[in-house]
Structures are given as structure tokens and as C-alpha cells.
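Printed here is entry05.txt (compact mmCIF, C-alpha atoms):
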```
# COMPACT_ATOMS: atom_id res chain seq x y z
CA MET A 13 82.74 113.57 114.08
CA ARG A 14 79.73 115.86 113.63
CA ASP A 15 81.35 117.24 110.47
CA ALA A 16 81.82 113.72 109.14
CA LEU A 17 78.15 112.96 109.83
CA ALA A 18 77.12 116.13 108.02
CA ILE A 19 79.10 115.09 104.95
CA LEU A 20 77.65 111.58 105.13
CA ARG A 21 74.14 113.07 105.28
CA LYS A 22 74.88 115.41 102.40
CA ASP A 23 76.18 112.62 100.13
CA LEU A 24 73.29 110.31 100.96
CA ARG A 25 70.75 113.10 100.41
CA ILE A 26 72.22 113.87 96.97
CA GLU A 27 71.98 110.19 96.15
CA TRP A 28 68.45 109.90 97.51
CA ARG A 29 67.25 112.83 95.40
CA THR A 30 68.82 111.68 92.14
CA ARG A 31 69.16 107.92 92.73
CA GLU A 32 71.69 108.25 89.95
CA SER A 33 74.76 106.43 91.21
CA VAL A 34 73.05 103.49 92.84
CA SER A 35 70.70 102.79 89.95
CA SER A 36 73.30 103.12 87.20
CA VAL A 37 75.90 101.19 89.16
CA PHE A 38 73.34 98.49 89.96
CA VAL A 39 72.51 97.99 86.27
CA LEU A 40 76.22 97.89 85.53
CA GLY A 41 76.65 95.26 88.26
CA VAL A 42 73.96 93.08 86.70
CA LEU A 43 75.63 93.47 83.29
CA LEU A 44 78.99 92.45 84.73
CA LEU A 45 77.47 89.38 86.38
CA VAL A 46 76.04 88.36 83.03
CA VAL A 47 79.23 89.09 81.10
CA LEU A 48 81.54 87.38 83.58
CA THR A 49 79.34 84.28 83.77
CA VAL A 50 78.60 83.99 80.06
CA ALA A 51 82.30 84.43 79.24
CA GLN A 52 83.10 81.32 81.30
CA ASP A 53 80.09 79.34 80.04
CA PRO A 54 79.77 77.11 83.13
CA GLU A 55 78.00 73.75 83.37
CA ALA A 56 75.04 73.89 85.76
CA GLU A 57 76.92 72.12 88.55
CA GLN A 58 80.08 74.23 88.11
CA ALA A 59 78.20 77.50 88.38
CA PRO A 60 78.19 77.85 92.20
CA ALA A 61 82.00 77.54 92.27
CA LEU A 62 82.25 80.64 90.08
CA ALA A 63 80.14 82.76 92.43
CA PRO A 64 82.85 84.21 94.74
CA GLY A 65 85.10 85.28 91.88
CA VAL A 66 82.31 86.68 89.71
CA LEU A 67 80.77 88.46 92.68
CA TRP A 68 83.92 90.26 93.75
CA ALA A 69 85.15 91.05 90.25
CA ALA A 70 81.77 92.69 89.65
CA PHE A 71 81.86 94.53 93.00
CA VAL A 72 85.36 95.88 92.44
CA LEU A 73 84.62 97.12 88.92
CA THR A 74 81.25 98.68 89.80
CA GLY A 75 82.77 100.14 92.96
CA LEU A 76 85.47 101.88 90.91
CA LEU A 77 82.86 103.61 88.79
CA GLY A 78 80.66 104.46 91.77
CA ILE A 79 83.54 106.06 93.65
CA GLN A 80 84.65 107.96 90.58
CA ARG A 81 81.12 109.37 90.27
CA THR A 82 80.95 110.63 93.84
CA PHE A 83 84.14 112.61 93.27
CA LEU A 84 83.16 113.86 89.83
CA LEU A 85 79.98 115.20 91.46
CA GLU A 86 82.17 117.22 93.82
CA ARG A 87 84.03 118.67 90.85
CA GLU A 88 80.90 120.14 89.32
CA ASN A 89 80.48 123.77 90.36
CA ASP A 90 83.76 123.40 92.28
CA CYS A 91 82.00 121.77 95.24
CA LEU A 92 85.26 120.18 96.35
CA ALA A 93 86.88 123.60 96.70
CA GLY A 94 83.91 124.70 98.83
CA LEU A 95 84.17 121.60 100.96
CA LEU A 96 87.89 122.11 101.50
CA GLY A 97 87.37 125.80 102.20
CA ALA A 98 84.94 124.97 105.00
CA PRO A 99 86.39 125.04 108.53
CA ILE A 100 86.49 121.24 108.73
CA ASP A 101 89.38 118.94 109.49
CA PRO A 102 90.31 117.08 106.24
CA ALA A 103 90.25 113.84 108.25
CA SER A 104 86.53 114.44 108.93
CA ILE A 105 85.91 114.91 105.20
CA TYR A 106 87.66 111.59 104.66
CA VAL A 107 85.59 109.81 107.30
CA GLY A 108 82.33 111.28 105.97
CA LYS A 109 83.10 110.37 102.36
CA LEU A 110 84.31 106.93 103.44
CA ALA A 111 81.06 106.25 105.32
CA ALA A 112 78.95 107.46 102.40
CA ASN A 113 80.85 105.23 100.00
CA VAL A 114 80.49 102.19 102.29
CA VAL A 115 76.73 102.77 102.48
CA LEU A 116 76.34 103.20 98.71
CA LEU A 117 78.46 100.13 97.94
CA GLY A 118 76.43 98.10 100.43
CA LEU A 119 73.19 99.31 98.85
CA VAL A 120 74.28 98.16 95.40
CA GLN A 121 75.39 94.81 96.82
CA ALA A 122 72.03 94.31 98.51
CA PHE A 123 70.51 94.33 95.01
CA VAL A 124 73.27 92.42 93.20
CA LEU A 125 73.79 89.64 95.75
CA PRO A 126 70.36 87.96 95.35
CA LEU A 127 70.87 87.93 91.60
CA VAL A 128 74.14 86.06 92.02
CA GLY A 129 72.27 83.39 93.97
CA LEU A 130 69.67 83.25 91.19
CA PHE A 131 72.08 83.17 88.25
CA LEU A 132 74.60 80.76 89.76
CA HIS A 133 72.24 78.36 91.56
CA LEU A 134 73.23 79.17 95.12
CA ASP A 135 71.08 79.10 98.24
CA LEU A 136 72.33 82.25 99.94
CA VAL A 137 69.90 82.30 102.88
CA PRO A 138 71.82 79.99 105.29
CA ALA A 139 75.09 81.83 104.57
CA LEU A 140 73.55 85.30 104.77
CA PRO A 141 75.01 86.55 108.09
CA GLY A 142 78.50 85.48 106.99
CA LEU A 143 78.04 87.04 103.55
CA ILE A 144 76.91 90.33 105.04
CA ALA A 145 79.95 90.38 107.32
CA VAL A 146 82.32 89.64 104.42
CA CYS A 147 80.65 92.27 102.23
CA PHE A 148 80.93 94.89 104.96
CA LEU A 149 84.62 94.14 105.57
CA GLY A 150 85.26 94.17 101.82
CA ASN A 151 83.39 97.46 101.34
CA LEU A 152 85.21 99.16 104.19
CA GLY A 153 88.64 98.23 102.82
CA PHE A 154 87.64 99.09 99.28
CA ALA A 155 86.21 102.46 100.28
CA ALA A 156 89.21 103.23 102.51
CA LEU A 157 91.58 103.14 99.54
CA ALA A 158 89.10 104.29 96.90
CA THR A 159 88.17 107.44 98.86
CA LEU A 160 91.84 108.37 99.18
CA PHE A 161 92.68 107.67 95.54
CA GLY A 162 89.37 109.01 94.22
CA ALA A 163 90.38 112.38 95.64
CA ILE A 164 93.74 112.03 93.87
CA ALA A 165 92.36 110.79 90.56
CA VAL A 166 89.89 113.67 90.03
CA ARG A 167 92.69 116.18 90.45
CA VAL A 168 95.24 114.86 87.97
CA ARG A 169 95.36 114.74 84.19
CA ALA A 170 94.29 111.45 82.56
CA ARG A 171 91.83 111.03 85.43
CA GLU A 172 89.54 108.45 83.82
CA VAL A 173 92.30 105.88 83.54
CA MET A 174 94.20 106.91 86.67
CA LEU A 175 91.75 105.62 89.30
CA PRO A 176 91.63 101.98 88.11
CA LEU A 177 95.34 102.09 87.34
CA LEU A 178 96.26 103.19 90.87
CA LEU A 179 93.60 101.23 92.74
CA LEU A 180 93.43 97.80 91.14
CA PRO A 181 96.95 96.57 92.02
CA LEU A 182 96.56 97.83 95.60
CA LEU A 183 93.20 96.09 95.89
CA VAL A 184 94.46 92.62 94.95
CA PRO A 185 94.95 91.49 98.60
CA LEU A 186 91.39 92.63 99.34
CA LEU A 187 90.10 90.78 96.30
CA ILE A 188 91.91 87.56 97.27
CA GLY A 189 90.76 87.85 100.89
CA ALA A 190 87.15 88.58 99.94
CA VAL A 191 86.95 85.77 97.39
CA GLN A 192 88.46 83.23 99.80
CA ALA A 193 86.23 84.42 102.65
CA THR A 194 83.11 84.29 100.46
CA ARG A 195 84.05 80.80 99.31
CA GLY A 196 84.52 79.73 102.95
CA VAL A 197 81.23 81.26 104.07
CA LEU A 198 79.32 79.59 101.23
CA ALA A 199 80.99 76.25 101.93
CA GLY A 200 79.94 76.12 105.52
CA GLY A 201 80.62 79.00 107.82
CA LEU A 202 83.01 81.46 109.35
CA VAL A 203 85.61 78.88 110.39
CA LEU A 204 86.47 78.05 106.78
CA ALA A 205 86.52 81.76 105.97
CA GLY A 206 89.06 82.52 108.72
CA GLY A 207 92.09 83.19 106.49
CA GLY A 208 90.19 85.45 104.14
CA ILE A 209 88.50 87.35 106.94
CA THR A 210 91.84 87.92 108.68
CA VAL A 211 93.27 89.45 105.49
CA LEU A 212 90.16 91.63 105.05
CA ALA A 213 90.24 92.85 108.64
CA ALA A 214 93.96 93.65 108.47
CA PHE A 215 93.43 95.46 105.15
CA ASP A 216 90.59 97.51 106.67
CA VAL A 217 92.58 98.54 109.73
CA VAL A 218 95.76 99.42 107.82
CA PHE A 219 94.10 101.48 105.11
CA THR A 220 91.41 103.28 107.09
CA VAL A 221 94.15 104.52 109.43
CA ALA A 222 96.51 105.29 106.52
CA GLY A 223 93.75 107.07 104.58
CA TRP A 224 92.68 109.05 107.63
CA LEU A 225 96.27 110.21 108.18
CA LEU A 226 97.22 110.79 104.54
CA PHE A 227 94.03 112.45 103.25
CA ALA A 228 95.18 115.86 104.51
CA TYR A 229 98.21 115.66 102.22
CA VAL A 230 96.06 114.81 99.22
CA VAL A 231 93.71 117.77 99.61
CA ALA A 232 96.33 120.26 100.87
CA PRO A 233 96.15 123.51 98.85
CA MET B 4 131.85 109.37 95.46
CA SER B 5 130.83 109.94 91.86
CA ARG B 6 133.90 107.96 90.71
CA ILE B 7 134.14 105.35 93.46
CA LEU B 8 130.59 104.05 93.00
CA PRO B 9 130.82 103.20 89.26
CA ALA B 10 134.25 101.60 89.80
CA ALA B 11 133.05 99.53 92.74
CA THR B 12 129.97 98.50 90.75
CA GLY B 13 132.12 97.40 87.82
CA ILE B 14 134.43 95.31 90.01
CA ALA B 15 131.52 93.72 91.89
CA VAL B 16 129.63 92.86 88.70
CA LEU B 17 132.75 91.27 87.17
CA ALA B 18 133.38 89.31 90.37
CA ALA B 19 129.75 88.12 90.44
CA LEU B 20 129.90 87.03 86.79
CA ALA B 21 133.18 85.17 87.37
CA LEU B 22 131.81 83.42 90.46
CA VAL B 23 128.48 82.48 88.94
CA PHE B 24 129.83 81.21 85.62
CA LEU B 25 133.31 79.88 86.55
CA VAL B 26 133.47 78.98 90.24
CA VAL B 27 130.06 77.98 91.57
CA PRO B 28 129.31 74.26 90.98
CA THR B 29 126.42 73.26 88.74
CA GLU B 30 123.32 72.31 90.70
CA ALA B 31 122.84 68.53 90.59
CA ASP B 32 119.10 68.31 89.81
CA MET B 33 118.39 71.40 87.76
CA GLY B 34 121.65 71.75 85.84
CA ILE B 35 122.99 74.86 84.19
CA VAL B 36 119.73 76.85 84.25
CA GLN B 37 119.95 77.09 88.04
CA ARG B 38 122.74 79.71 87.63
CA ILE B 39 120.15 82.31 86.67
CA PHE B 40 118.97 82.11 90.28
CA TYR B 41 121.90 84.24 91.54
CA PHE B 42 120.68 87.22 89.54
CA HIS B 43 116.99 86.38 89.97
CA VAL B 44 117.06 86.38 93.77
CA SER B 45 119.48 89.33 94.01
CA SER B 46 117.21 91.37 91.72
CA ALA B 47 114.23 90.56 93.92
CA TRP B 48 116.12 91.84 96.98
CA VAL B 49 117.14 95.00 95.11
CA ALA B 50 113.55 95.58 93.98
CA PHE B 51 112.33 95.35 97.57
CA LEU B 52 115.09 97.70 98.68
CA GLY B 53 113.96 100.11 95.98
CA PHE B 54 110.31 99.97 97.05
CA PHE B 55 111.18 100.56 100.69
CA THR B 56 113.37 103.49 99.63
CA VAL B 57 110.36 104.93 97.77
CA ALA B 58 108.29 104.75 100.95
CA GLY B 59 111.02 106.24 103.16
CA ALA B 60 111.76 109.09 100.76
CA SER B 61 108.01 109.71 100.26
CA ALA B 62 107.48 110.01 104.02
CA VAL B 63 110.38 112.47 104.26
CA TYR B 64 108.92 114.47 101.36
CA LEU B 65 105.50 114.71 102.99
CA TRP B 66 107.17 115.59 106.28
CA ASN B 67 109.39 118.47 105.13
CA GLY B 68 108.76 119.01 101.40
CA SER B 69 112.38 118.29 100.49
CA ARG B 70 112.83 118.30 96.69
CA GLY B 71 115.72 115.87 97.04
CA ALA B 72 113.53 113.31 98.84
CA ASP B 73 110.93 113.62 96.09
CA ARG B 74 113.56 113.03 93.39
CA LEU B 75 114.96 110.06 95.34
CA ALA B 76 111.49 108.50 95.65
CA HIS B 77 110.91 108.81 91.91
CA ALA B 78 114.36 107.44 91.01
CA ALA B 79 114.05 104.53 93.47
CA ALA B 80 110.65 103.63 91.99
CA GLU B 81 112.14 103.53 88.49
CA VAL B 82 115.04 101.36 89.60
CA GLY B 83 112.73 99.15 91.69
CA VAL B 84 110.42 98.54 88.73
CA LEU B 85 113.46 97.82 86.54
CA PHE B 86 114.76 95.13 88.89
CA CYS B 87 111.27 93.77 89.51
CA SER B 88 110.99 93.38 85.71
CA ILE B 89 114.30 91.49 85.73
CA VAL B 90 112.84 89.15 88.37
CA LEU B 91 109.76 88.60 86.21
CA VAL B 92 111.87 87.85 83.13
CA THR B 93 114.52 85.61 84.72
CA GLY B 94 111.95 83.62 86.72
CA PRO B 95 110.06 82.16 83.74
CA ILE B 96 113.37 81.35 81.96
CA TRP B 97 114.18 79.14 84.96
CA ALA B 98 110.61 77.90 85.43
CA ARG B 99 110.09 76.65 81.87
CA PRO B 100 112.61 73.73 82.08
CA ILE B 101 112.06 73.08 85.81
CA TRP B 102 108.28 73.40 86.22
CA GLY B 103 107.38 72.85 82.57
CA VAL B 104 105.46 76.15 82.35
CA TRP B 105 106.56 79.76 81.97
CA TRP B 106 104.17 81.00 84.62
CA THR B 107 101.97 79.69 87.44
CA TRP B 108 99.79 81.58 89.90
CA ASP B 109 102.00 80.59 92.79
CA PRO B 110 101.95 82.99 95.79
CA ARG B 111 105.42 84.42 95.16
CA LEU B 112 104.88 84.88 91.46
CA THR B 113 101.52 86.51 92.10
CA MET B 114 103.07 88.77 94.72
CA THR B 115 105.87 89.85 92.39
CA VAL B 116 103.56 90.69 89.53
CA ILE B 117 101.23 92.65 91.85
CA LEU B 118 104.16 94.61 93.28
CA TRP B 119 105.35 95.33 89.76
CA ALA B 120 101.87 96.66 88.90
CA VAL B 121 101.70 98.84 92.04
CA TYR B 122 104.97 100.59 91.24
CA ALA B 123 104.34 100.67 87.48
CA SER B 124 101.15 102.59 88.32
CA TYR B 125 103.29 104.89 90.48
CA LEU B 126 105.43 105.64 87.42
CA MET B 127 102.26 106.18 85.32
CA LEU B 128 101.00 108.72 87.86
CA ARG B 129 104.37 110.49 87.68
CA ALA B 130 104.44 110.39 83.90
CA PHE B 131 100.85 111.29 83.02
CA GLY B 132 99.45 112.98 86.13
CA GLY B 133 100.92 116.35 85.16
CA GLY B 134 104.19 117.77 86.43
CA ASP B 135 103.25 120.02 89.30
CA GLU B 136 103.94 119.89 93.02
CA ALA B 137 100.54 118.34 93.77
CA VAL B 138 101.40 115.25 91.72
CA ALA B 139 104.62 114.84 93.70
CA ARG B 140 102.44 114.78 96.85
CA TYR B 141 100.01 112.25 95.36
CA ALA B 142 102.94 110.07 94.33
CA ALA B 143 104.31 110.26 97.88
CA VAL B 144 100.93 109.10 99.26
CA LEU B 145 100.97 106.22 96.77
CA GLY B 146 104.57 105.38 97.71
CA ILE B 147 103.58 105.02 101.37
CA VAL B 148 100.32 103.15 100.68
CA GLY B 149 102.21 100.83 98.33
CA VAL B 150 104.67 99.73 100.99
CA LEU B 151 101.82 99.22 103.49
CA ASP B 152 100.26 96.94 100.92
CA ILE B 153 103.33 94.69 100.70
CA PRO B 154 102.70 92.67 103.91
CA LEU B 155 99.00 92.38 103.03
CA ILE B 156 99.88 91.08 99.57
CA MET B 157 102.30 88.59 101.17
CA VAL B 158 99.67 87.28 103.58
CA SER B 159 96.83 87.21 101.05
CA VAL B 160 98.73 85.29 98.36
CA ARG B 161 99.42 82.54 100.90
CA LEU B 162 95.73 81.73 100.60
CA LEU B 163 96.56 80.67 97.03
CA ARG B 164 98.20 77.31 96.22
CA GLY B 165 102.01 77.36 96.07
CA ILE B 166 104.98 75.49 94.55
CA HIS B 167 107.81 78.05 94.66
CA PRO B 168 111.06 76.78 96.29
CA ALA B 169 111.97 78.45 99.57
CA VAL B 170 115.52 79.73 99.35
CA ILE B 171 117.95 79.35 102.28
CA ALA B 172 115.33 79.51 105.03
CA ARG B 173 113.92 76.04 104.37
CA ASN B 174 115.35 73.52 101.95
CA GLU B 175 112.14 72.19 100.51
CA GLY B 176 111.67 72.30 96.77
CA GLY B 177 115.26 71.30 96.03
CA SER B 178 116.71 74.77 95.96
CA GLY B 179 118.76 74.73 99.13
CA LEU B 180 122.22 76.14 98.61
CA VAL B 181 124.28 73.08 99.56
CA ASP B 182 127.71 74.25 98.40
CA PRO B 183 129.39 77.14 100.27
CA TRP B 184 130.41 78.63 96.91
CA MET B 185 126.73 78.91 96.06
CA ARG B 186 126.16 81.09 99.11
CA ILE B 187 129.21 83.20 98.26
CA GLY B 188 127.98 83.49 94.67
CA LEU B 189 124.58 84.72 95.85
CA LEU B 190 126.13 87.15 98.31
CA VAL B 191 128.49 88.68 95.73
CA SER B 192 125.71 88.90 93.13
CA ALA B 193 123.50 90.66 95.64
CA VAL B 194 126.26 93.16 96.50
CA ALA B 195 126.93 93.75 92.80
CA LEU B 196 123.29 94.43 91.98
CA ILE B 197 122.79 96.62 95.05
CA LEU B 198 125.76 98.74 93.98
CA LEU B 199 124.45 98.86 90.42
CA ALA B 200 121.00 99.92 91.61
CA TRP B 201 122.52 102.53 93.92
CA TRP B 202 124.56 103.95 91.06
CA LEU B 203 121.57 104.04 88.71
CA THR B 204 119.52 105.77 91.39
CA THR B 205 122.12 108.49 91.92
CA LEU B 206 122.28 109.04 88.14
CA ARG B 207 118.49 109.39 87.93
CA VAL B 208 118.39 111.74 90.91
CA ARG B 209 121.06 113.88 89.30
CA SER B 210 119.34 114.00 85.92
CA ALA B 211 116.03 114.90 87.61
CA ARG B 212 117.79 117.76 89.43
CA LEU B 213 119.32 118.98 86.16
CA GLU B 214 115.91 118.81 84.44
CA GLU B 215 114.43 121.00 87.16
CA GLU B 216 117.31 123.48 86.88
CA LEU B 217 116.86 123.56 83.12
CA ALA B 218 113.14 124.26 83.48
CA THR B 219 113.90 127.12 85.89
CA LEU B 220 116.51 128.60 83.54
CA ARG B 221 114.18 128.30 80.57
CA ARG B 222 111.43 130.14 82.44
CA ARG B 223 113.89 132.89 83.33
CA LEU B 224 115.12 133.09 79.73
CA PHE B 225 111.67 133.71 78.33
CA VAL B 226 110.91 136.52 80.75
CA ARG B 227 112.06 139.72 78.97
CA PRO B 228 114.17 142.28 80.85
CA GLY B 229 112.00 144.76 82.71
CA GLU B 230 109.04 142.36 82.75
CA VAL B 231 107.93 141.05 86.10
CA ALA B 232 108.21 137.24 86.31
```

Could you quickly redo this structure as C-alpha cells?
Amino acid sequence: MRDALAILRKDLRIEWRTRESVSSVFVLGVLLLVVLTVAQDPEAEQAPALAPGVLWAAFVLTGLLGIQRTFLLERENDCLAGLLGAPIDPASIYVGKLAANVVLLGLVQAFVLPLVGLFLHLDLVPALPGLIAVCFLGNLGFAALATLFGAIAVRVRAREVMLPLLLLPLLVPLLIGAVQATRGVLAGGLVLAGGGITVLAAFDVVFTVAGWLLFAYVVAP
Amino acid sequence: MSRILPAATGIAVLAALALVFLVVPTEADMGIVQRIFYFHVSSAWVAFLGFFTVAGASAVYLWNGSRGADRLAHAAAEVGVLFCSIVLVTGPIWARPIWGVWWTWDPRLTMTVILWAVYASYLMLRAFGGGDEAVARYAAVLGIVGVLDIPLIMVSVRLLRGIHPAVIARNEGGSGLVDPWMRIGLLVSAVALILLAWWLTTLRVRSARLEEELATLRRRLFVRPGEVA
């Protein structure tokens, strides 16, 4: 647990000093919002209905790039080898990286979410607690798989294409759950979001446990 | 075994064809196109069987590093994707006259295409990830994660709107198998395709083993006498 916290601190400190991932991923998120909305050319009154889909499509795509960056950073100067050589349980490395990724994803969302309200004519304030809960559940599930497969993708050939290729199909249940939950939360509260939230919670439990158990096999020498 | 399996497969496939095209009555509402269902549903079962085999063999490989389990996982994924592709091709052929469209985003259709993508990406990792032992381990992790994803996919797609007929379990959607010959036809088709898939898997496992042997022999051949390998 202390090892995991140390890794979390390390990743957040790197990000704090460079502000590279969050800022570039944030700009990318804004671009995706624009592209996904403009591509569908909605009437003013249709726009709010697009919000859940646009939001999560943007989050998934920016998340992929953000996760890829955190692992590419570890490749530079062979940091990953150093990390694995340290007397730390691989499961702690997984937990630390997972926590760092959840925090970074949440940070980007904190900037992107208000813009969605602005662009798509939504009043987010009454739904905010629900939205934060859905975003957290979505981030946890996303990071649980992305941390596992990010570690795989940086270590194989064809790595740029491998991460989205492996992750996107596995993430579809999360995407469906998050979109349905967001739609429910925006329409009037957690009761309507029940189905989506159940899927998200199940996804989180299954894949954080699976990732925690399987990470050791991914990074084994 | 190497002779019994192909022979049994041949007999079962012939029996399934004879039943489906000569014996089983034509479905009253849908007509002749309904006969594709015997292969469509059987292929779906075989694909699932293949994907669960991938997960089982992957777990064994991570457990004890058995080369045979790794080869079985890879072969089962190939055969699973093959039969999943058959499901995705036969389904629209049936859907076009019955539903009026080749494709809808119905829960079952969505689930099938997602599963296809999960295991197609497994084959991509195998094909382009590089050939070493580490990639076999990554593929095993993916094989296990993939099967854990199946129930989540099933639950999540139910949040979408659906029109697919439920087979056997409930008779809504007009696809209940009313005639006993229909049930026998489905059963025999399923047995035939399971045998076929089993046979294909054993062939792929064998060819993978031979490829590995060949690679070993080639390495040995190019080491000159007296040189340390």
C-alpha cells in the first residue's frame, strides 16, 4: 500500500512539473467535443441529447492517449525496468499506476465537462453529484483495463495501434453503461441511471480485481 | 483419434445437411430462409465454446507455462473468430427478408460484433505483437480478460433496445421451434459444427507445434559445428 502511494505520488509529481499530459489531453478533449458535435450538426434543441454520447466518446479517446503517454514516459531511460527491478510487489505498481491514471482522467474531465454543458446547452449544476459519481465509476473501470493493457501495449511491436485495438472492444460495456448512466443522471437523477450504474460498478469490480491479479504476469521478466 | 474425428465430422455434417434441407419442415411465417437458423445458432454456440476454451487454456498457460495450452488457446481463438464470423454473415442473410434490414443495433447483434472484435484483436496481438514468449503471456491475459468481459457485454447491451427472437427459452418473436424435427435438426447441426470446430482446432494445434519444431530445427541448422549455440 505504501509502495502504491509512492508510485501515485511519483506519477502525479511528474505530471505537476511538466503539466504535459493533462494540458495536451485537455486540448485534445476540446477538439474531440467540437469534431463530434460538428460532425452531427445538431439543431439547438437536439444538442442536449447528444451530450452523453459525445462526452464518453471524447473521454474514451482522450483517455487512450493519456494512458499511452504515462507508459511511454516509463519507457524513456528504461524507467519501467527500474520500477520492476525495485523490491515492490507488481500488484502495488498496478494499484499506484491505476490511482494515478484515475486522478489524471478525472482532472481532464473536470475541465472538459463544463465545456460540454456550454457547447450542448445543458445545465449541469443540478446533476453535478450524479455526474461526478458516474465519471468516477467510468474512470475507475477505464483505468483498470487501460493500466493492464497499457503495460502490454508498450512492450509489443506495433504498439501505437495495439492499445486502442485491444482496449476499445473490451471497453464497450463500460461505454454503454456510462452513456446510459449519464443520460439517466441528466434526465433526473440516480434512479433513472440505475441500469448504467450497475453495469459500471460490476465492470469496475471485475476488472480492478482481474488487473490486480493479472498484472504480475504482464510484467514478469 | 486422428482418423475417427474427421470421419465423425463428415458423417455429422452430412446428416445435418440432410435433416435441414430434406426432413425439417419449412417454417410457416418466415419460409425457406429460416433454414439458415440451424447453422446460425449452432455457429454461435461453437463460437462461445471456442472463446471459453481460449480462457481455460490461457489460465492453464499462465498457471504452468504449458506450450500445449498456449497453442490450444491460439487455435481456439482462430476457430472461435471463424464461427463468430459465420454467425455475423448468416444473421444478416436471414434478417434482410425478415426484418427488412441487414443489420440493427439489437443487443444480441451488438454483443456478437463486440465479441468478434475482442477476439479479432486477440489474433492481431498474436500476429503483430512479435513472436516471443512474452506475447504468449499477454495473449493469455487478454484471453482471460475477454471471457470476463462476456457477461458484462451481455448485461450492458440489454440497456439497448432489442428485437432479436429468443430461441427455445421463450417463444416470443415467432422463432419457437414448434416441430420436433426442428429441434432434432438444431441438435444435429450443433453436434456437426462442434465436431468440425474440434477437428479444425486439433489441426491448428498440430500445425503450430510443427512450426515451432521447424523453427527449432532451423536454428540448430544454422549453428555451425563446433560453435556454441

Each residue of chain A with at least one atom at most 8 Å from chain B should appear once, together with its nearest atom pair and the corresponding distance in Å (one decimal); atoms considered: all atoms listed in the file; ordering: chain, then increasing residue number; output as JSON lines.
```
{"residue": "A:Ile164", "atom": "CA", "partner": "B:Tyr141", "partner_atom": "CA", "distance": 6.4}
{"residue": "A:Val168", "atom": "CA", "partner": "B:Gly132", "partner_atom": "CA", "distance": 5.0}
{"residue": "A:Arg169", "atom": "CA", "partner": "B:Gly132", "partner_atom": "CA", "distance": 4.9}
{"residue": "A:Ala170", "atom": "CA", "partner": "B:Gly132", "partner_atom": "CA", "distance": 6.5}
{"residue": "A:Arg171", "atom": "CA", "partner": "B:Gly132", "partner_atom": "CA", "distance": 7.9}
{"residue": "A:Met174", "atom": "CA", "partner": "B:Leu128", "partner_atom": "CA", "distance": 7.1}
{"residue": "A:Leu177", "atom": "CA", "partner": "B:Ser124", "partner_atom": "CA", "distance": 5.9}
{"residue": "A:Leu178", "atom": "CA", "partner": "B:Ser124", "partner_atom": "CA", "distance": 5.5}
{"residue": "A:Pro181", "atom": "CA", "partner": "B:Val121", "partner_atom": "CA", "distance": 5.3}
{"residue": "A:Leu182", "atom": "CA", "partner": "B:Val121", "partner_atom": "CA", "distance": 6.3}
{"residue": "A:Val184", "atom": "CA", "partner": "B:Ile156", "partner_atom": "CA", "distance": 7.3}
{"residue": "A:Pro185", "atom": "CA", "partner": "B:Ile156", "partner_atom": "CA", "distance": 5.0}
{"residue": "A:Leu186", "atom": "CA", "partner": "B:Ser159", "partner_atom": "CA", "distance": 7.9}
{"residue": "A:Ile188", "atom": "CA", "partner": "B:Ser159", "partner_atom": "CA", "distance": 6.2}
{"residue": "A:Gly189", "atom": "CA", "partner": "B:Ser159", "partner_atom": "CA", "distance": 6.1}
{"residue": "A:Gln192", "atom": "CA", "partner": "B:Leu162", "partner_atom": "CA", "distance": 7.5}
{"residue": "A:Gly207", "atom": "CA", "partner": "B:Leu162", "partner_atom": "CA", "distance": 7.1}
{"residue": "A:Gly208", "atom": "CA", "partner": "B:Ser159", "partner_atom": "CA", "distance": 7.5}
{"residue": "A:Val211", "atom": "CA", "partner": "B:Ser159", "partner_atom": "CA", "distance": 6.1}
{"residue": "A:Ala214", "atom": "CA", "partner": "B:Leu155", "partner_atom": "CA", "distance": 7.5}
{"residue": "A:Phe215", "atom": "CA", "partner": "B:Leu155", "partner_atom": "CA", "distance": 6.7}
{"residue": "A:Val218", "atom": "CA", "partner": "B:Leu151", "partner_atom": "CA", "distance": 7.5}
{"residue": "A:Phe219", "atom": "CA", "partner": "B:Val148", "partner_atom": "CA", "distance": 7.8}
{"residue": "A:Ala222", "atom": "CA", "partner": "B:Val148", "partner_atom": "CA", "distance": 7.3}
{"residue": "A:Leu226", "atom": "CA", "partner": "B:Val144", "partner_atom": "CA", "distance": 6.7}
{"residue": "A:Tyr229", "atom": "CA", "partner": "B:Arg140", "partner_atom": "CA", "distance": 6.9}
{"residue": "A:Val230", "atom": "CA", "partner": "B:Tyr141", "partner_atom": "CA", "distance": 6.1}
```

- Write out as number ranges by chain which residues come within 10 Å of stretch 100-116 of chain A when counting all atoms listed in the file, dropping same-chain ones fewer than 3 positions away. A: 13-24, 27, 33-34, 37, 75, 78-79, 82-83, 95-97, 119-122, 147-160, 163, 220, 223-232

- Could you state the separation of atom CA of A:Ala59 and atom CA of A:Ala145 in Å, given to one decimal place?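 Here the two named atoms are 23.0 Å from each other.
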
- Identify, on the basis of all atoms listed in the file, every residue whose closest approach to A:Val146 does not exceed 8 Å; exclude the query and any residue fewer than 2 positions from it along the same chain; express the result as a ChimeraX atom specification. /A:142-144,148-150,190,193-194,209

- Task: Enter the distance from atom CA of A:Pro99 to atom CA of B:Gly68, in Å, rounded to one decimal.
- Result: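 Atom-to-atom, atom CA of A:Pro99 to atom CA of B:Gly68, that is 24.2 Å.
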